[in-house]
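Asker: Below: one structure in structure tokens.
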Amino acid sequence: MNGTQMKDKKTALVVGATGVVGQACLRHFAALPDWNVIGVARRKLADLPPGAQSLQLDLQDRAACEAALGQRDDITHVIYAAVYEQPGGLVGGWRDQDQMRTNLDMLRNVVEPLDRASSALTHVSIMQGGKAYGVHIHPRIAVPARERWPRDDHENFYWLQEDFLRERQARVGRWHFSIFRPRIVFGDAMGSNMNPIPAIGVYAWLRHERGLDLAYPGGAERVNQAIDADLIAEACAWAATSPNARNETFNLDNGDVFTWQNVWPAIADALGMQVSTPEPQSLGATVPGEQKAWEAIVDKYGLKAPRDLVGFIGQGAVYADFQMNHGKEAPLAPVIMSSVKVRQAGFNGCIDTEDMFRKWFGQLQARGLLPTAEMARAK
């Protein structure tokens with residue numbers, strides 16, 4: 001490829017590239033023929049997709065961000081998927097003033113150095129979610145939640161980041177933005193605070209090794225929605241060049257609805273297990289303490305997964321408790337967000353939610369991060 005062709009390529013800066021959304025976006029953009037992609041993370045990026053570049057950067061360090069980004073003339077798009085959470089602040093901490101301000105500063109530290117008169121920047125995408133509608137604080141929201149509703153009256157760093165983008169874009173006018181509100185996100189990222197897949201996989205194999213079937217550990221049933229991380233990546237690529245996505249907000253989901261109880265048999269089957277009677281329990285209180293048992297599983301099956309259990313699941317067990325309604329009693333109001341707007345705008349990606357669960361557990365097994373039923377039979 002000659003220099004002119006390289007210069008004509010668009011370059012995406014994927015910020016938060018170790019997270020569940022960031023990893024999916026890094027893979028997706030790296031596979032597109034007309035894109036360069038750079039993954040940004042505080043931790044060193046390992047196993048980069050072919051063609052991807054990496055940039056190790058602490059987003060809370062304003063001077064470091066200015067030095068790393070302030071003179072770049074190649075970055076045309078930013079996919080911002082980073083989030084700061086204080087320890088133990090996965091749910092309640094979202095209204096903490098320091099946590100809110102830190103998340104605003106991190107976004108500012110990326111956008112402001114890139115946004116200069118000579119900048120190539122044309123588009124910025126950021127992530128919100130169901131918390132924009134107050135699903136974490138309201139016992140019930142109207143169904144379905146729609147993007148055109150007035151802003152829900154609660155404190156949230158989403159609003160700080162959104163207001164910053166809107167004000168700056170209106171002032172300079174050289175670039176556009178898109179805001180995505182995905183439902184419960186699922187992917188294969190290890191050590192993520194908001195990906196329950198590894199934690200569920202560990203919970204399943206802890207039970208397997210004790211001769212137990214897979215019991216559903218959550219609380220009351222609730223009709224909900226999921227979103228495959230790969231679909232978010234596809235939506236970001238669509239929004240990067242679509243005029244219909246400019247300065248717009250979009251809900252995202254797989255295209256169907258689910259309850260944990262109804263998809264649990266598919267999850268068990270994907271993991272090579274049978275379903276047993278539900279056993280309500282807190283995964284956040286039990287799974288992280290199973291370090292020795294996890295090490296035994298890693299050694300027994302020769303897994304490539306980290307021996308450090310928390311390094312593998314992050315806060316995924318706590319997040320699973322929240323999403324599975326641990327400690328809640330029926331009936332629970334459904335949480336449904338309309339995805340009509342993004343489909344009418346031109347993005348029509350979808351996946352069956354049961355197929356999504358099978359896909360992600362299958363990928364963890366294929367990468368040697370979780371055992372398979374065949375491995376267990378061979379022991």
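Scheme for the structure tokens: letters A, B, ... for chains in order shown; per-chain residue numbers from 1; ligand numbers from 1 in order shown.
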Which residues are close to Asn348 (chain A), i.e. within 12 Å by only C-alpha atoms, leaving aside same-chain residues fewer than 2 positions away? Reply as an NGL selection string.
Answerer: :A and (231-232 or 234-235 or 238 or 252-255 or 339-346 or 350-351)
Asker: Pick out the closest residue to Arg222 (chain A) from this set: A:Ser282, A:Asn103, A:Asn325, A:Ser125. Count only C-alpha atoms.
Answerer: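 Distance minimum relative to Arg222 (chain A) lands on A:Asn325.
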Asker: Using backbone DSSP assignments, extract all strand (DSSP E or B) residues from region 238-378 of chain A; output them as a count of residues only.
Answerer: 9
Asker: Would you mind listing, for every residue of region 112-169 of chain A within 8 Å of region 66-72 of chain A, the two atoms forming the shortest contact and the distance between them in Å to one decimal, using only C-alpha atoms, sorted by chain and ascending residue number, as a tab-separated table?
Answerer:
```
residue	atom	partner	partner_atom	distance
A:Pro113	CA	A:Gly70	CA	4.4
A:Leu114	CA	A:Gly70	CA	5.7
A:Ser119	CA	A:Arg72	CA	7.7
```
Asker: For Met356 (chain A), which residue out of A:Ala373, A:Gly187, A:Ile313, A:Met324 is the nearest one, using only C-alpha atoms?
Answerer: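 Of A:Ala373, A:Gly187, A:Ile313, A:Met324, the one nearest Met356 (chain A), counting only C-alpha atoms, is A:Gly187.
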Asker: Quick one: of A:Leu165, A:Val185, A:Ala142, A:Ala132, who's nearest to Phe250 (chain A), counting only C-alpha atoms?
Answerer: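 Under the stated criterion, the closest residue is A:Ala132.
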Asker: Identify, on the basis of only C-alpha atoms, every residue whose closest approach to Ile179 (chain A) does not exceed 7 Å; exclude the query and any residue fewer than 3 positions from it along the same chain; express the result as a list in words.
Answerer: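 These residues fall inside the cut-off: Ser125, Ile126, Met127, Gln128, Glu248, Thr249 and Phe250 of chain A.
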Asker: Val172 (chain A): which residues within 12 Å, counting only C-alpha atoms, same-chain residues fewer than 4 positions away excluded, as a PyMOL selection string?
Answerer: chain A and resi 112+115-117+119+121-122+165-168+176
